[in-house]
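> Okay, so here is target-v9.pdb, and as you'll see once you scroll down, it has PDB, C-alpha atoms.
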```pdb
ATOM      1  CA  MET A  27       0.000   0.000   0.000  1.00  0.00           C
ATOM      2  CA  PRO A  28       1.337   3.454  -0.865  1.00  0.00           C
ATOM      3  CA  ILE A  29       2.448   5.734   1.952  1.00  0.00           C
ATOM      4  CA  LEU A  30      -0.062   8.536   2.440  1.00  0.00           C
ATOM      5  CA  PRO A  31      -0.037  11.614   4.681  1.00  0.00           C
ATOM      6  CA  ALA A  32      -1.831  10.814   7.952  1.00  0.00           C
ATOM      7  CA  PRO A  33      -4.903  13.011   7.262  1.00  0.00           C
ATOM      8  CA  VAL A  34      -5.405  11.384   3.844  1.00  0.00           C
ATOM      9  CA  ALA A  35      -4.989   7.852   5.214  1.00  0.00           C
ATOM     10  CA  ALA A  36      -7.438   8.607   8.035  1.00  0.00           C
ATOM     11  CA  TYR A  37      -9.971  10.131   5.618  1.00  0.00           C
ATOM     12  CA  LEU A  38      -9.850   7.084   3.323  1.00  0.00           C
ATOM     13  CA  ALA A  39     -10.165   4.668   6.254  1.00  0.00           C
ATOM     14  CA  ALA A  40     -13.223   6.585   7.505  1.00  0.00           C
ATOM     15  CA  TYR A  41     -14.678   6.674   3.972  1.00  0.00           C
ATOM     16  CA  ASN A  42     -14.317   2.908   3.656  1.00  0.00           C
ATOM     17  CA  THR A  43     -16.043   2.295   6.991  1.00  0.00           C
ATOM     18  CA  ARG A  44     -18.782   4.834   6.130  1.00  0.00           C
ATOM     19  CA  ASP A  45     -17.895   6.881   9.250  1.00  0.00           C
ATOM     20  CA  VAL A  46     -18.898  10.435   8.317  1.00  0.00           C
ATOM     21  CA  PRO A  47     -17.825  12.079  11.631  1.00  0.00           C
ATOM     22  CA  ALA A  48     -14.346  10.533  11.241  1.00  0.00           C
ATOM     23  CA  MET A  49     -14.213  11.705   7.600  1.00  0.00           C
ATOM     24  CA  LEU A  50     -15.003  15.247   8.725  1.00  0.00           C
ATOM     25  CA  ALA A  51     -12.440  15.211  11.548  1.00  0.00           C
ATOM     26  CA  GLY A  52      -9.502  15.589   9.170  1.00  0.00           C
ATOM     27  CA  LEU A  53     -11.057  18.259   6.969  1.00  0.00           C
ATOM     28  CA  ASP A  54     -10.525  22.012   7.119  1.00  0.00           C
ATOM     29  CA  ARG A  55     -13.721  23.967   7.849  1.00  0.00           C
ATOM     30  CA  ASP A  56     -13.331  25.638   4.424  1.00  0.00           C
ATOM     31  CA  ILE A  57     -12.895  22.325   2.544  1.00  0.00           C
ATOM     32  CA  THR A  58     -13.633  22.402  -1.177  1.00  0.00           C
ATOM     33  CA  PHE A  59     -14.685  19.227  -2.960  1.00  0.00           C
ATOM     34  CA  GLN A  60     -15.336  18.423  -6.611  1.00  0.00           C
ATOM     35  CA  ASP A  61     -16.207  15.201  -8.391  1.00  0.00           C
ATOM     36  CA  LEU A  62     -15.387  15.305 -12.091  1.00  0.00           C
ATOM     37  CA  ALA A  63     -16.596  12.766 -14.647  1.00  0.00           C
ATOM     38  CA  GLY A  64     -14.517  13.612 -17.685  1.00  0.00           C
ATOM     39  CA  ASP A  65     -14.866  17.384 -18.009  1.00  0.00           C
ATOM     40  CA  CYS A  66     -18.206  17.606 -16.163  1.00  0.00           C
ATOM     41  CA  VAL A  67     -18.585  18.562 -12.512  1.00  0.00           C
ATOM     42  CA  THR A  68     -20.970  15.946 -11.090  1.00  0.00           C
ATOM     43  CA  ALA A  69     -20.853  17.052  -7.447  1.00  0.00           C
ATOM     44  CA  GLU A  70     -19.254  19.818  -5.454  1.00  0.00           C
ATOM     45  CA  ALA A  71     -19.281  21.263  -1.971  1.00  0.00           C
ATOM     46  CA  THR A  72     -17.664  24.218  -0.269  1.00  0.00           C
ATOM     47  CA  GLY A  73     -17.391  24.279   3.500  1.00  0.00           C
ATOM     48  CA  LEU A  74     -17.672  21.561   6.117  1.00  0.00           C
ATOM     49  CA  ALA A  75     -21.488  21.614   6.364  1.00  0.00           C
ATOM     50  CA  ALA A  76     -21.947  21.230   2.600  1.00  0.00           C
ATOM     51  CA  PHE A  77     -19.353  18.450   2.503  1.00  0.00           C
ATOM     52  CA  GLU A  78     -21.087  16.644   5.373  1.00  0.00           C
ATOM     53  CA  GLU A  79     -24.404  16.764   3.508  1.00  0.00           C
ATOM     54  CA  LEU A  80     -22.771  15.289   0.404  1.00  0.00           C
ATOM     55  CA  ALA A  81     -20.942  12.631   2.451  1.00  0.00           C
ATOM     56  CA  ARG A  82     -24.150  11.530   4.165  1.00  0.00           C
ATOM     57  CA  ALA A  83     -25.909  11.290   0.782  1.00  0.00           C
ATOM     58  CA  GLY A  84     -23.043   9.106  -0.461  1.00  0.00           C
ATOM     59  CA  VAL A  85     -23.318   6.792   2.534  1.00  0.00           C
ATOM     60  CA  ALA A  86     -27.083   6.505   1.960  1.00  0.00           C
ATOM     61  CA  ALA A  87     -26.657   5.738  -1.766  1.00  0.00           C
ATOM     62  CA  PHE A  88     -24.322   2.751  -1.304  1.00  0.00           C
ATOM     63  CA  ALA A  89     -24.835  -0.408   0.732  1.00  0.00           C
ATOM     64  CA  THR A  90     -21.074  -0.981   0.555  1.00  0.00           C
ATOM     65  CA  ARG A  91     -18.230   1.123  -0.794  1.00  0.00           C
ATOM     66  CA  HIS A  92     -14.461   0.966  -0.804  1.00  0.00           C
ATOM     67  CA  GLN A  93     -11.632   3.064  -2.206  1.00  0.00           C
ATOM     68  CA  ALA A  94      -8.328   1.247  -2.764  1.00  0.00           C
ATOM     69  CA  VAL A  95      -5.218   3.319  -3.497  1.00  0.00           C
ATOM     70  CA  ARG A  96      -3.149   1.771  -6.298  1.00  0.00           C
ATOM     71  CA  HIS A  97      -0.408   4.422  -6.461  1.00  0.00           C
ATOM     72  CA  ALA A  98       0.170   7.762  -4.786  1.00  0.00           C
ATOM     73  CA  ILE A  99       2.666  10.577  -4.907  1.00  0.00           C
ATOM     74  CA  THR A 100       2.958  13.433  -2.439  1.00  0.00           C
ATOM     75  CA  VAL A 101       4.819  16.627  -3.247  1.00  0.00           C
ATOM     76  CA  ALA A 102       4.808  19.375  -0.627  1.00  0.00           C
ATOM     77  CA  ASP A 103       1.144  19.847   0.404  1.00  0.00           C
ATOM     78  CA  THR A 104      -0.454  17.871  -2.450  1.00  0.00           C
ATOM     79  CA  THR A 105      -1.116  14.143  -2.774  1.00  0.00           C
ATOM     80  CA  LEU A 106      -2.321  12.601  -6.018  1.00  0.00           C
ATOM     81  CA  ALA A 107      -3.671   9.075  -5.657  1.00  0.00           C
ATOM     82  CA  GLU A 108      -4.814   6.580  -8.287  1.00  0.00           C
ATOM     83  CA  ILE A 109      -7.894   4.968  -6.784  1.00  0.00           C
ATOM     84  CA  ASP A 110     -10.108   1.994  -7.585  1.00  0.00           C
ATOM     85  CA  PHE A 111     -13.654   2.439  -6.246  1.00  0.00           C
ATOM     86  CA  THR A 112     -16.041  -0.461  -5.747  1.00  0.00           C
ATOM     87  CA  GLY A 113     -19.529  -0.052  -4.351  1.00  0.00           C
ATOM     88  CA  THR A 114     -22.903  -1.752  -4.255  1.00  0.00           C
ATOM     89  CA  LEU A 115     -25.783   0.623  -4.903  1.00  0.00           C
ATOM     90  CA  ARG A 116     -28.520   0.864  -2.303  1.00  0.00           C
ATOM     91  CA  ILE A 117     -30.658   3.044  -4.586  1.00  0.00           C
ATOM     92  CA  ASP A 118     -31.004   3.591  -8.331  1.00  0.00           C
ATOM     93  CA  LEU A 119     -28.513   6.227  -9.507  1.00  0.00           C
ATOM     94  CA  PRO A 120     -28.900   7.430 -13.100  1.00  0.00           C
ATOM     95  CA  GLY A 121     -25.676   6.954 -15.001  1.00  0.00           C
ATOM     96  CA  LEU A 122     -24.302   4.476 -12.442  1.00  0.00           C
ATOM     97  CA  GLY A 123     -26.852   1.686 -12.158  1.00  0.00           C
ATOM     98  CA  ALA A 124     -29.783   0.187 -10.315  1.00  0.00           C
ATOM     99  CA  ALA A 125     -30.089  -0.719  -6.654  1.00  0.00           C
ATOM    100  CA  GLY A 126     -28.174  -3.907  -5.909  1.00  0.00           C
ATOM    101  CA  GLU A 127     -25.702  -3.468  -8.772  1.00  0.00           C
ATOM    102  CA  THR A 128     -21.958  -3.268  -8.168  1.00  0.00           C
ATOM    103  CA  VAL A 129     -20.117  -0.227  -9.505  1.00  0.00           C
ATOM    104  CA  ASN A 130     -16.384  -0.293 -10.323  1.00  0.00           C
ATOM    105  CA  ILE A 131     -14.662   2.984 -11.194  1.00  0.00           C
ATOM    106  CA  SER A 132     -10.965   3.776 -11.551  1.00  0.00           C
ATOM    107  CA  GLY A 133      -9.766   7.337 -11.297  1.00  0.00           C
ATOM    108  CA  ALA A 134      -7.553   9.763  -9.444  1.00  0.00           C
ATOM    109  CA  THR A 135      -8.030  11.919  -6.376  1.00  0.00           C
ATOM    110  CA  LEU A 136      -6.113  15.053  -5.500  1.00  0.00           C
ATOM    111  CA  PHE A 137      -5.791  15.935  -1.816  1.00  0.00           C
ATOM    112  CA  ARG A 138      -4.398  19.316  -0.739  1.00  0.00           C
ATOM    113  CA  LEU A 139      -3.378  19.850   2.880  1.00  0.00           C
ATOM    114  CA  ALA A 140      -2.642  22.827   5.103  1.00  0.00           C
ATOM    115  CA  GLY A 141      -2.111  22.943   8.842  1.00  0.00           C
ATOM    116  CA  GLY A 142      -2.569  19.183   9.158  1.00  0.00           C
ATOM    117  CA  LYS A 143      -6.049  19.275   7.585  1.00  0.00           C
ATOM    118  CA  ILE A 144      -7.353  18.438   4.115  1.00  0.00           C
ATOM    119  CA  THR A 145      -8.393  21.688   2.406  1.00  0.00           C
ATOM    120  CA  ARG A 146      -9.286  20.384  -1.063  1.00  0.00           C
ATOM    121  CA  ILE A 147     -10.402  17.083  -2.592  1.00  0.00           C
ATOM    122  CA  VAL A 148     -10.874  16.598  -6.318  1.00  0.00           C
ATOM    123  CA  ASP A 149     -12.054  13.214  -7.587  1.00  0.00           C
ATOM    124  CA  GLN A 150     -11.662  12.635 -11.324  1.00  0.00           C
ATOM    125  CA  HIS A 151     -12.853   9.603 -13.268  1.00  0.00           C
ATOM    126  CA  PRO A 152     -14.102   8.729 -16.748  1.00  0.00           C
TER     127      PRO A 152
END
```
Could you rewrite the structure in this file as structure tokens?

Amino acid sequence: MPILPAPVAAYLAAYNTRDVPAMLAGLDRDITFQDLAGDCVTAEATGLAAFEELARAGVAAFATRHQAVRHAITVADTTLAEIDFTGTLRIDLPGLGAAGETVNISGATLFRLAGGKITRIVDQHP
């Protein structure tokens, strides 16, 4: 497993266990988040409250979910990770599938840190 900065490793562990409070613990109050599918922004949030709302919706949408880091590089305050996502849908999600289906997506996530907290997350996938 690639070596990740502690806040990133903790965030991913919390994500995989669907623990929203633990996900939020390592985020800056002014966190910015974007999910990009190709060139389209499919989700975004600015600020901890907006991110929490999005995170809770994500937990509700998937019966199971897991992000596995294939490769990662950290330079200064930025980590870029190649990630394989696998999840089983709890609800129908247009463009992803029907409830009960398994979704597999490979992509990359950028994490930017400052003061020991994650200040920016950008997920990009096809």
> Take the PyMOL selection byres ((chain A and resi 137) around 12), apply it to the structure above, and return the hits as a count of residues only.
41
> Please identify all polymer residues within 9 Å of Ser132 of chain A, counting only C-alpha atoms, omitting same-chain residues fewer than 3 positions from it, and present them as a PDB file with C-alpha atoms, keeping the file's coordinate frame.

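Full text of around.pdb as output:
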```
ATOM      1  CA  GLU A 108      -4.814   6.580  -8.287  1.00  0.00           C
ATOM      2  CA  ILE A 109      -7.894   4.968  -6.784  1.00  0.00           C
ATOM      3  CA  ASP A 110     -10.108   1.994  -7.585  1.00  0.00           C
ATOM      4  CA  PHE A 111     -13.654   2.439  -6.246  1.00  0.00           C
ATOM      5  CA  THR A 112     -16.041  -0.461  -5.747  1.00  0.00           C
ATOM      6  CA  GLN A 150     -11.662  12.635 -11.324  1.00  0.00           C
ATOM      7  CA  HIS A 151     -12.853   9.603 -13.268  1.00  0.00           C
ATOM      8  CA  PRO A 152     -14.102   8.729 -16.748  1.00  0.00           C
TER       9      PRO A 152
END
```
> What lies within 12 Å of His92 of chain A using all atoms listed in the file, ignoring chain neighbours under 5 positions off, as a VMD selection string?
chain A and resid 38 to 44 84 to 85 109 to 114 128 to 132
> Fewer than 4 positions away in the same chain doesn't count, so skip those; otherwise give me all residues within 12 Å of Ala86 of chain A, counting all atoms listed in the file, as a PDB file with C-alpha atoms, in the frame of the given file.

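New file around16.pdb:
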```pdb
ATOM      1  CA  ARG A  44     -18.782   4.834   6.130  1.00  0.00           C
ATOM      2  CA  ASP A  45     -17.895   6.881   9.250  1.00  0.00           C
ATOM      3  CA  VAL A  46     -18.898  10.435   8.317  1.00  0.00           C
ATOM      4  CA  GLU A  79     -24.404  16.764   3.508  1.00  0.00           C
ATOM      5  CA  LEU A  80     -22.771  15.289   0.404  1.00  0.00           C
ATOM      6  CA  ALA A  81     -20.942  12.631   2.451  1.00  0.00           C
ATOM      7  CA  ARG A  82     -24.150  11.530   4.165  1.00  0.00           C
ATOM      8  CA  THR A  90     -21.074  -0.981   0.555  1.00  0.00           C
ATOM      9  CA  ARG A  91     -18.230   1.123  -0.794  1.00  0.00           C
ATOM     10  CA  GLY A 113     -19.529  -0.052  -4.351  1.00  0.00           C
ATOM     11  CA  THR A 114     -22.903  -1.752  -4.255  1.00  0.00           C
ATOM     12  CA  LEU A 115     -25.783   0.623  -4.903  1.00  0.00           C
ATOM     13  CA  ARG A 116     -28.520   0.864  -2.303  1.00  0.00           C
ATOM     14  CA  ILE A 117     -30.658   3.044  -4.586  1.00  0.00           C
ATOM     15  CA  ASP A 118     -31.004   3.591  -8.331  1.00  0.00           C
ATOM     16  CA  LEU A 119     -28.513   6.227  -9.507  1.00  0.00           C
ATOM     17  CA  ALA A 125     -30.089  -0.719  -6.654  1.00  0.00           C
TER      18      ALA A 125
END
```
> For the file shown, what are the residues hit by the PyMOL selection byres ((chain A and resi 28) around 8), laid out as number ranges by chain?
A: 27, 29-30, 95-98
> Would you work out the distance separating atom CA of Gly73 of chain A from atom CA of Pro47 of chain A, expressed in Å to one decimal?
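About the pair atom CA of Gly73 of chain A and atom CA of Pro47 of chain A: they are 14.7 Å apart.
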> Go ahead and compute the interatomic distance for atom CA of Ala69 of chain A and atom CA of Gly133 of chain A, in Å to one decimal.
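The value is 15.2 Å.
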> Figure out the distance between atom CA of Asp56 of chain A and atom CA of Thr68 of chain A, please, to one decimal in Å.
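Atom-to-atom, atom CA of Thr68 of chain A to atom CA of Asp56 of chain A, that is 19.8 Å.
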> So for segment 47-53 of chain A, what box centre and size do we get, axis-aligned, 6 Å extra on each of the six sides, every listed atom, Å to one decimal, as lines of an AutoDock Vina configuration file?

```
center_x = -13.7
center_y = 14.4
center_z = 9.3
size_x = 20.3
size_y = 19.7
size_z = 16.7
```
